[in-house]
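Asker: Input file: my_file_3.cif. Contents: mmCIF, C-alpha atoms.
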data_target
loop_
_atom_site.group_PDB
_atom_site.id
_atom_site.type_symbol
_atom_site.label_atom_id
_atom_site.label_comp_id
_atom_site.auth_asym_id
_atom_site.auth_seq_id
_atom_site.Cartn_x
_atom_site.Cartn_y
_atom_site.Cartn_z
ATOM 1 C CA MET A 1 0.000 0.000 0.000
ATOM 2 C CA SER A 2 1.109 3.570 -0.481
ATOM 3 C CA PRO A 3 0.351 6.833 1.267
ATOM 4 C CA VAL A 4 -2.574 8.944 0.145
ATOM 5 C CA PRO A 5 -1.937 11.827 -2.245
ATOM 6 C CA GLU A 6 -0.703 15.030 -0.565
ATOM 7 C CA ASP A 7 -4.095 16.744 -0.766
ATOM 8 C CA ALA A 8 -6.716 14.033 -0.293
ATOM 9 C CA ARG A 9 -9.690 16.390 -0.744
ATOM 10 C CA SER A 10 -8.345 17.733 -4.034
ATOM 11 C CA PHE A 11 -7.599 14.184 -5.220
ATOM 12 C CA LEU A 12 -11.172 13.084 -4.454
ATOM 13 C CA GLU A 13 -12.693 16.182 -6.075
ATOM 14 C CA ARG A 14 -10.697 15.552 -9.288
ATOM 15 C CA THR A 15 -11.589 11.852 -9.203
ATOM 16 C CA PHE A 16 -15.327 12.406 -8.799
ATOM 17 C CA ALA A 17 -15.434 15.256 -11.339
ATOM 18 C CA LYS A 18 -13.993 12.834 -13.894
ATOM 19 C CA LEU A 19 -16.177 9.967 -12.687
ATOM 20 C CA PHE A 20 -19.401 11.928 -13.255
ATOM 21 C CA ASP A 21 -18.264 13.608 -16.492
ATOM 22 C CA PRO A 22 -20.348 11.994 -19.256
ATOM 23 C CA LEU A 23 -17.387 12.187 -21.666
ATOM 24 C CA THR A 24 -14.882 10.395 -19.411
ATOM 25 C CA THR A 25 -13.753 7.020 -20.720
ATOM 26 C CA GLU A 26 -12.929 3.885 -18.752
ATOM 27 C CA ARG A 27 -9.284 4.325 -19.751
ATOM 28 C CA GLU A 28 -9.254 7.817 -18.211
ATOM 29 C CA MET A 29 -10.701 6.429 -14.972
ATOM 30 C CA LEU A 30 -7.638 4.195 -14.639
ATOM 31 C CA GLU A 31 -5.726 7.354 -13.722
ATOM 32 C CA PHE A 32 -7.726 7.363 -10.463
ATOM 33 C CA PHE A 33 -8.800 3.729 -9.920
ATOM 34 C CA SER A 34 -6.673 0.583 -9.890
ATOM 35 C CA PRO A 35 -7.699 -2.030 -12.504
ATOM 36 C CA ASP A 36 -8.246 -4.460 -9.619
ATOM 37 C CA TYR A 37 -10.359 -1.932 -7.707
ATOM 38 C CA THR A 38 -13.207 -3.291 -5.597
ATOM 39 C CA GLN A 39 -16.141 -1.419 -4.148
ATOM 40 C CA ASP A 40 -18.033 -2.722 -1.128
ATOM 41 C CA LEU A 41 -21.264 -0.726 -1.298
ATOM 42 C CA ASN A 42 -23.794 -1.378 1.448
ATOM 43 C CA GLY A 43 -22.411 -4.907 1.823
ATOM 44 C CA LYS A 44 -22.377 -5.834 -1.873
ATOM 45 C CA VAL A 45 -18.951 -6.119 -3.531
ATOM 46 C CA TYR A 46 -18.360 -4.901 -7.092
ATOM 47 C CA SER A 47 -15.339 -5.366 -9.346
ATOM 48 C CA PHE A 48 -13.818 -2.484 -11.318
ATOM 49 C CA ARG A 49 -15.813 -3.617 -14.388
ATOM 50 C CA GLN A 50 -19.083 -3.755 -12.451
ATOM 51 C CA PHE A 51 -18.368 -0.367 -10.865
ATOM 52 C CA ILE A 52 -17.627 1.294 -14.227
ATOM 53 C CA ASP A 53 -20.686 -0.318 -15.845
ATOM 54 C CA GLY A 54 -22.900 0.848 -12.957
ATOM 55 C CA VAL A 55 -21.570 4.412 -13.072
ATOM 56 C CA SER A 56 -21.979 4.496 -16.875
ATOM 57 C CA ALA A 57 -25.588 3.339 -16.591
ATOM 58 C CA LEU A 58 -26.285 5.966 -13.934
ATOM 59 C CA LYS A 59 -24.624 8.773 -15.929
ATOM 60 C CA ALA A 60 -26.777 7.894 -18.953
ATOM 61 C CA THR A 61 -29.885 8.782 -16.908
ATOM 62 C CA LEU A 62 -28.587 12.107 -15.535
ATOM 63 C CA ARG A 63 -29.076 15.659 -16.711
ATOM 64 C CA SER A 64 -26.706 17.058 -14.073
ATOM 65 C CA SER A 65 -24.888 16.042 -10.918
ATOM 66 C CA SER A 66 -22.652 17.399 -8.194
ATOM 67 C CA VAL A 67 -20.598 15.868 -5.417
ATOM 68 C CA VAL A 68 -19.710 17.824 -2.279
ATOM 69 C CA PHE A 69 -17.173 16.445 0.186
ATOM 70 C CA THR A 70 -18.256 17.439 3.682
ATOM 71 C CA SER A 71 -15.461 15.629 5.562
ATOM 72 C CA VAL A 72 -12.108 14.238 4.447
ATOM 73 C CA VAL A 73 -9.453 12.724 6.713
ATOM 74 C CA ALA A 74 -6.330 10.977 5.418
ATOM 75 C CA SER A 75 -3.901 8.737 7.242
ATOM 76 C CA GLY A 76 -1.394 6.237 5.882
ATOM 77 C CA ASP A 77 -2.933 4.598 2.825
ATOM 78 C CA THR A 78 -6.547 5.452 3.721
ATOM 79 C CA ILE A 79 -8.888 8.342 3.023
ATOM 80 C CA ALA A 80 -12.012 8.466 5.203
ATOM 81 C CA GLU A 81 -14.642 10.745 3.741
ATOM 82 C CA ILE A 82 -18.261 11.782 3.641
ATOM 83 C CA HIS A 83 -19.775 13.173 0.482
ATOM 84 C CA VAL A 84 -23.218 14.164 -0.738
ATOM 85 C CA VAL A 85 -24.329 13.440 -4.284
ATOM 86 C CA ASP A 86 -27.045 15.649 -5.724
ATOM 87 C CA ALA A 87 -28.289 14.839 -9.225
ATOM 88 C CA VAL A 88 -31.167 15.614 -11.546
ATOM 89 C CA LYS A 89 -32.282 12.833 -13.856
ATOM 90 C CA LYS A 90 -33.318 13.433 -17.454
ATOM 91 C CA ASP A 91 -36.940 12.834 -16.427
ATOM 92 C CA GLY A 92 -36.663 15.721 -13.926
ATOM 93 C CA SER A 93 -36.593 13.597 -10.776
ATOM 94 C CA ARG A 94 -33.902 14.245 -8.197
ATOM 95 C CA LEU A 95 -31.407 11.886 -6.562
ATOM 96 C CA ARG A 96 -29.741 12.963 -3.347
ATOM 97 C CA PHE A 97 -27.755 10.726 -1.060
ATOM 98 C CA LYS A 98 -24.970 10.776 1.511
ATOM 99 C CA VAL A 99 -21.989 8.435 1.237
ATOM 100 C CA ILE A 100 -19.652 7.515 4.083
ATOM 101 C CA ALA A 101 -16.543 5.882 2.664
ATOM 102 C CA PHE A 102 -13.079 4.585 3.360
ATOM 103 C CA GLN A 103 -10.868 4.628 0.253
ATOM 104 C CA THR A 104 -7.646 2.574 0.250
ATOM 105 C CA ILE A 105 -4.906 4.050 -1.938
ATOM 106 C CA GLU A 106 -2.205 2.086 -3.746
ATOM 107 C CA ASN A 107 0.281 3.636 -6.181
ATOM 108 C CA GLY A 108 -1.666 6.896 -6.181
ATOM 109 C CA ARG A 109 -4.966 5.262 -7.205
ATOM 110 C CA ILE A 110 -8.013 4.019 -5.337
ATOM 111 C CA LYS A 111 -7.654 0.276 -4.871
ATOM 112 C CA LYS A 112 -10.627 -0.386 -2.598
ATOM 113 C CA ALA A 113 -13.679 1.504 -1.412
ATOM 114 C CA GLU A 114 -15.877 0.531 1.508
ATOM 115 C CA GLU A 115 -19.045 2.608 1.374
ATOM 116 C CA VAL A 116 -22.402 2.989 3.020
ATOM 117 C CA ASN A 117 -24.931 5.296 1.438
ATOM 118 C CA CYS A 118 -28.363 6.500 2.314
ATOM 119 C CA PRO A 119 -30.941 8.624 0.509
ATOM 120 C CA LEU A 120 -31.523 12.148 1.757
#
Could you rewrite the structure in this file as structure tokens?
Answerer:
Amino acid sequence: MSPVPEDARSFLERTFAKLFDPLTTEREMLEFFSPDYTQDLNGKVYSFRQFIDGVSALKATLRSSSVVFTSVVASGDTIAEIHVVDAVKKDGSRLRFKVIAFQTIENGRIKKAEEVNCPL
């Protein structure tokens, strides 16, 4: 494992801006996520492929989205953070949820995420 980037908040903001950009490719996401990335979301584990496919499907339904990091703490190879996602779907409905996450960093990329989210 490797230490977190110098400015964890800035790293996460860049990562999520790219993640939710409808023009971002899977190849570009490999700048931020390890190819063997895993996401444990509410107790269900997803591979990098499943994560990218899920995000792509979500982005296809969105008109706009924003992510605001309310808390970020970094230590060793881990970033603990809370963020709020606010999005408007193409049908006009709104998605808003809070995510509490621990991100494990390896070689400057997110290798593992353990997340719990809840609708707001």
Asker: When you count only C-alpha atoms, which of these residues is closest to Gln50 of chain A: A:Thr25, A:Thr104, A:Pro35, A:Phe69?
Answerer: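 Closest to Gln50 of chain A of all the choices is A:Pro35.
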Asker: Atom CA of Phe102 of chain A to atom CA of Gly76 of chain A: how many Å, to one decimal?
Answerer: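 Between these atoms lies a distance of 12.1 Å.
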Asker: Using the chain letters and numbering of this document, enumerate as number ranges by chain the residues selected by the PyMOL selection byres ((chain A and resi 72) around 10).
Answerer: A: 7-10, 12, 69-71, 73-74, 79-83, 101-102
Asker: Next, the residues of the selection above should be written as a compact mmCIF listing (two decimals), keeping the file's coordinate frame with C-alpha atoms.
Answerer:
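See again.txt below for the written result:
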# COMPACT_ATOMS: atom_id res chain seq x y z
CA ASP A 7 -4.10 16.74 -0.77
CA ALA A 8 -6.72 14.03 -0.29
CA ARG A 9 -9.69 16.39 -0.74
CA SER A 10 -8.35 17.73 -4.03
CA LEU A 12 -11.17 13.08 -4.45
CA PHE A 69 -17.17 16.44 0.19
CA THR A 70 -18.26 17.44 3.68
CA SER A 71 -15.46 15.63 5.56
CA VAL A 73 -9.45 12.72 6.71
CA ALA A 74 -6.33 10.98 5.42
CA ILE A 79 -8.89 8.34 3.02
CA ALA A 80 -12.01 8.47 5.20
CA GLU A 81 -14.64 10.74 3.74
CA ILE A 82 -18.26 11.78 3.64
CA HIS A 83 -19.77 13.17 0.48
CA ALA A 101 -16.54 5.88 2.66
CA PHE A 102 -13.08 4.58 3.36
Asker: Mind giving me the straight-line distance from atom CA of Arg27 of chain A to atom CA of Val99 of chain A in Å, one decimal?
Answerer: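 Atom-to-atom, atom CA of Arg27 of chain A to atom CA of Val99 of chain A, that is 24.9 Å.
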Asker: Nearest residue to Phe11 of chain A out of A:Lys112, A:Gln103, A:Ser64, A:Cys118, using all atoms listed in the file?
Answerer: A:Gln103
Asker: Name the closest residue to Val84 of chain A among the candidates A:Asn42, A:Ser34, A:Ser56, A:Asn117; distances are taken between atoms, counting all atoms listed in the file.
Answerer: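 Closest to Val84 of chain A, using all atoms listed in the file: A:Asn117.
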Asker: Neighbouring residues of Pro22 of chain A were defined as those with any atom within 12 Å, considering all atoms listed in the file; residues of the same chain fewer than 3 positions away were excluded. Please report them as a list in words.
Answerer: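 Everything that qualifies: Phe16, Ala17, Lys18, Leu19, Thr25, Glu26, Glu28, Met29, Val55, Ser56, Ala57, Leu58, Lys59, Ala60, Thr61, Leu62, Arg63, Ser64 and Ser65 of chain A.
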Asker: Export segment 8-101 of chain A from the structure block above, keeping C-alpha atoms, as a short mmCIF file (atom, residue, chain, number, x, y, z; two decimals), in the first residue's frame.
Answerer:
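Okay, this is what ended up in result-v7.cif:
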data_model
loop_
_atom_site.label_atom_id
_atom_site.label_comp_id
_atom_site.auth_asym_id
_atom_site.auth_seq_id
_atom_site.Cartn_x
_atom_site.Cartn_y
_atom_site.Cartn_z
CA ALA A 8 -6.72 14.03 -0.29
CA ARG A 9 -9.69 16.39 -0.74
CA SER A 10 -8.34 17.73 -4.03
CA PHE A 11 -7.60 14.18 -5.22
CA LEU A 12 -11.17 13.08 -4.45
CA GLU A 13 -12.69 16.18 -6.08
CA ARG A 14 -10.70 15.55 -9.29
CA THR A 15 -11.59 11.85 -9.20
CA PHE A 16 -15.33 12.41 -8.80
CA ALA A 17 -15.43 15.26 -11.34
CA LYS A 18 -13.99 12.83 -13.89
CA LEU A 19 -16.18 9.97 -12.69
CA PHE A 20 -19.40 11.93 -13.26
CA ASP A 21 -18.26 13.61 -16.49
CA PRO A 22 -20.35 11.99 -19.26
CA LEU A 23 -17.39 12.19 -21.67
CA THR A 24 -14.88 10.40 -19.41
CA THR A 25 -13.75 7.02 -20.72
CA GLU A 26 -12.93 3.88 -18.75
CA ARG A 27 -9.28 4.32 -19.75
CA GLU A 28 -9.25 7.82 -18.21
CA MET A 29 -10.70 6.43 -14.97
CA LEU A 30 -7.64 4.20 -14.64
CA GLU A 31 -5.73 7.35 -13.72
CA PHE A 32 -7.73 7.36 -10.46
CA PHE A 33 -8.80 3.73 -9.92
CA SER A 34 -6.67 0.58 -9.89
CA PRO A 35 -7.70 -2.03 -12.50
CA ASP A 36 -8.25 -4.46 -9.62
CA TYR A 37 -10.36 -1.93 -7.71
CA THR A 38 -13.21 -3.29 -5.60
CA GLN A 39 -16.14 -1.42 -4.15
CA ASP A 40 -18.03 -2.72 -1.13
CA LEU A 41 -21.26 -0.73 -1.30
CA ASN A 42 -23.79 -1.38 1.45
CA GLY A 43 -22.41 -4.91 1.82
CA LYS A 44 -22.38 -5.83 -1.87
CA VAL A 45 -18.95 -6.12 -3.53
CA TYR A 46 -18.36 -4.90 -7.09
CA SER A 47 -15.34 -5.37 -9.35
CA PHE A 48 -13.82 -2.48 -11.32
CA ARG A 49 -15.81 -3.62 -14.39
CA GLN A 50 -19.08 -3.75 -12.45
CA PHE A 51 -18.37 -0.37 -10.87
CA ILE A 52 -17.63 1.29 -14.23
CA ASP A 53 -20.69 -0.32 -15.85
CA GLY A 54 -22.90 0.85 -12.96
CA VAL A 55 -21.57 4.41 -13.07
CA SER A 56 -21.98 4.50 -16.87
CA ALA A 57 -25.59 3.34 -16.59
CA LEU A 58 -26.29 5.97 -13.93
CA LYS A 59 -24.62 8.77 -15.93
CA ALA A 60 -26.78 7.89 -18.95
CA THR A 61 -29.89 8.78 -16.91
CA LEU A 62 -28.59 12.11 -15.53
CA ARG A 63 -29.08 15.66 -16.71
CA SER A 64 -26.71 17.06 -14.07
CA SER A 65 -24.89 16.04 -10.92
CA SER A 66 -22.65 17.40 -8.19
CA VAL A 67 -20.60 15.87 -5.42
CA VAL A 68 -19.71 17.82 -2.28
CA PHE A 69 -17.17 16.45 0.19
CA THR A 70 -18.26 17.44 3.68
CA SER A 71 -15.46 15.63 5.56
CA VAL A 72 -12.11 14.24 4.45
CA VAL A 73 -9.45 12.72 6.71
CA ALA A 74 -6.33 10.98 5.42
CA SER A 75 -3.90 8.74 7.24
CA GLY A 76 -1.39 6.24 5.88
CA ASP A 77 -2.93 4.60 2.82
CA THR A 78 -6.55 5.45 3.72
CA ILE A 79 -8.89 8.34 3.02
CA ALA A 80 -12.01 8.47 5.20
CA GLU A 81 -14.64 10.75 3.74
CA ILE A 82 -18.26 11.78 3.64
CA HIS A 83 -19.78 13.17 0.48
CA VAL A 84 -23.22 14.16 -0.74
CA VAL A 85 -24.33 13.44 -4.28
CA ASP A 86 -27.05 15.65 -5.72
CA ALA A 87 -28.29 14.84 -9.23
CA VAL A 88 -31.17 15.61 -11.55
CA LYS A 89 -32.28 12.83 -13.86
CA LYS A 90 -33.32 13.43 -17.45
CA ASP A 91 -36.94 12.83 -16.43
CA GLY A 92 -36.66 15.72 -13.93
CA SER A 93 -36.59 13.60 -10.78
CA ARG A 94 -33.90 14.25 -8.20
CA LEU A 95 -31.41 11.89 -6.56
CA ARG A 96 -29.74 12.96 -3.35
CA PHE A 97 -27.76 10.73 -1.06
CA LYS A 98 -24.97 10.78 1.51
CA VAL A 99 -21.99 8.44 1.24
CA ILE A 100 -19.65 7.51 4.08
CA ALA A 101 -16.54 5.88 2.66
#
